[in-house]
Amino acid sequence: MKVYAERPWRLTRQIVADLVLAGWSLFWIWAAVWLYHFVQQLAVPGQKLESGGDRLAANLTDAQDKAQSVPLVGRQLGAPFGSAAEAARGIADAGRSQQEVVANLATVLGWFTALAPIMLALVLWIPFRAFWIRSATAAARIRKRTGGAELLALRALSNAPLRRIMDIDDDVVSGWRTGEPGCVEALARLELRRLGLRPGPAIPSA
């Protein structure tokens with residue numbers, strides 16, 4: 001399988017494209033992590049509510065216990081402290097709920113920030129690269145076969161720009177039909193060059 005081209009100019013373009021994709025992905029991963037921690041700061045009020053509510057509930061519960069130890073009227077004295085302790089626990093629960101909401105929001109925003117641009121880049125990059133790998137792998141195999149030059153020449157007639165084809169010969173189609181070696185080899189080299197591949201052993205270099 002051909003993953004990279006053999007000619008320097010095409011190989012350089014592919015390496016640069018891969019590095020750009022890697023840099024793009026790392027940048028958005030960093031942005032997602034930064035956004036996650038930034039949004040998590042919104043949970044600070046919830047943390048304070050939880051901490052303050054728990055402390056207040058503990059103090060009120062302690063006061064309730066002490067009030068209930070008073071003979072005869074202890075239960076009546078402790079009831080308001082118990083109600084206030086329940087309210088404080090509600091405040092603490094509200095703080096915990098706010099932190100959960102913020103954590104979920106931070107997670108969703110972080111994943112979306114990272115995945116959306118990376119997936120967009122991959123959607124554009126993968127088909128183009130996969131098509132080249134498939135074409136280059138097939139061409140690399142064909143150039144080693146007997147008669148492979150004729151197949152590559154036919155492919156060049158289908159894909160190469162007309163200007164490049166006419167630079168080979170004014171009547172290049174006729175030369176290909178009659179199997180003129182020079183014309184066939186030139187067309188085969190043209191197709192391999194288009195894919196960034198070097199001529200095979202059976203195809204002389206230009």
# chains A, B, ... in the order shown; residues from 1 in each chain; ligands from 1

$ residues_around --residues "Asp18 (chain A)" --least-positions-apart "4" --cutoff "12 Å" --atoms "only C-alpha atoms" --output "ChimeraX atom specification"
/A:3-4,11-14,22-25,121-122,125-126,129

$ select_by_dssp --residues "region 78-205 of chain A" --states "helix (DSSP H, G or I)" --output "number ranges by chain"
A: 78-142, 148-159, 162-168, 172-177, 181-194

$ closest_residue --among "A:Ala57, A:Gln99, A:Gln64, A:Thr107" --to "Ala85 (chain A)" --atoms "only C-alpha atoms"
A:Ala57

$ residues_around --residues "Glu6 (chain A)" --least-positions-apart "3" --cutoff "8 Å" --atoms "only C-alpha atoms" --output "count of residues only"
5

$ closest_residue --among "A:Ala84, A:Leu192, A:Leu151, A:Leu21" --to "Pro117 (chain A)" --atoms "only C-alpha atoms"
A:Leu21

$ closest_atom_pairs --of "region 107-161 of chain A" --to "region 29-33 of chain A" --cutoff "9 Å" --atoms "only C-alpha atoms" --output "tab-separated table"
residue	atom	partner	partner_atom	distance
A:Leu109	CA	A:Ala32	CA	7.5
A:Gly110	CA	A:Ala32	CA	4.4
A:Trp111	CA	A:Ala32	CA	6.7
A:Phe112	CA	A:Ala32	CA	7.9
A:Thr113	CA	A:Ala32	CA	5.3
A:Ala114	CA	A:Ile29	CA	5.1
A:Leu115	CA	A:Ile29	CA	8.3
A:Ile118	CA	A:Ile29	CA	8.8

$ residues_around --residues "Leu60 (chain A)" --least-positions-apart "5" --cutoff "12 Å" --atoms "only C-alpha atoms" --output "list in words"
Gly53, Asp54, Arg55, Asp65, Lys66, Ala67, Gly78, Ala79, Pro80, Phe81, Gly82, Ser83, Ala84, Ala85, Glu86, Ala87, Ala88 and Arg89 of chain A

$ write_last_selection --atoms "N, CA and C atoms" --output "short mmCIF file (atom, residue, chain, number, x, y, z; two decimals), in the first residue's frame"
data_model
loop_
_atom_site.label_atom_id
_atom_site.label_comp_id
_atom_site.auth_asym_id
_atom_site.auth_seq_id
_atom_site.Cartn_x
_atom_site.Cartn_y
_atom_site.Cartn_z
N GLY A 53 -24.05 25.59 53.07
CA GLY A 53 -25.27 24.89 53.49
C GLY A 53 -24.96 23.72 54.39
N ASP A 54 -23.92 22.95 54.08
CA ASP A 54 -23.56 21.81 54.93
C ASP A 54 -23.11 22.28 56.32
N ARG A 55 -22.31 23.35 56.36
CA ARG A 55 -21.85 23.87 57.66
C ARG A 55 -23.03 24.37 58.48
N ASP A 65 -29.94 19.50 68.83
CA ASP A 65 -29.67 18.47 69.83
C ASP A 65 -29.55 19.08 71.23
N LYS A 66 -28.89 20.21 71.31
CA LYS A 66 -28.73 20.85 72.61
C LYS A 66 -30.07 21.36 73.14
N ALA A 67 -30.89 21.91 72.21
CA ALA A 67 -32.19 22.43 72.66
C ALA A 67 -33.10 21.30 73.13
N GLY A 78 -36.34 22.65 70.06
CA GLY A 78 -35.48 22.12 68.99
C GLY A 78 -36.13 22.09 67.64
N ALA A 79 -37.48 22.14 67.57
CA ALA A 79 -38.18 22.02 66.28
C ALA A 79 -37.76 23.11 65.28
N PRO A 80 -37.69 24.39 65.65
CA PRO A 80 -37.28 25.41 64.68
C PRO A 80 -35.86 25.18 64.14
N PHE A 81 -34.98 24.72 65.04
CA PHE A 81 -33.62 24.44 64.58
C PHE A 81 -33.60 23.28 63.56
N GLY A 82 -34.48 22.30 63.78
CA GLY A 82 -34.56 21.19 62.84
C GLY A 82 -35.06 21.64 61.48
N SER A 83 -36.08 22.51 61.49
CA SER A 83 -36.60 23.02 60.21
C SER A 83 -35.54 23.84 59.48
N ALA A 84 -34.82 24.66 60.25
CA ALA A 84 -33.76 25.47 59.64
C ALA A 84 -32.64 24.59 59.09
N ALA A 85 -32.34 23.49 59.78
CA ALA A 85 -31.31 22.57 59.30
C ALA A 85 -31.72 21.93 57.98
N GLU A 86 -33.03 21.57 57.87
CA GLU A 86 -33.53 21.00 56.62
C GLU A 86 -33.41 22.01 55.48
N ALA A 87 -33.72 23.28 55.77
CA ALA A 87 -33.60 24.32 54.75
C ALA A 87 -32.14 24.48 54.32
N ALA A 88 -31.22 24.40 55.29
CA ALA A 88 -29.80 24.51 54.97
C ALA A 88 -29.33 23.35 54.10
N ARG A 89 -29.87 22.16 54.39
CA ARG A 89 -29.53 21.00 53.55
C ARG A 89 -30.07 21.19 52.12
#
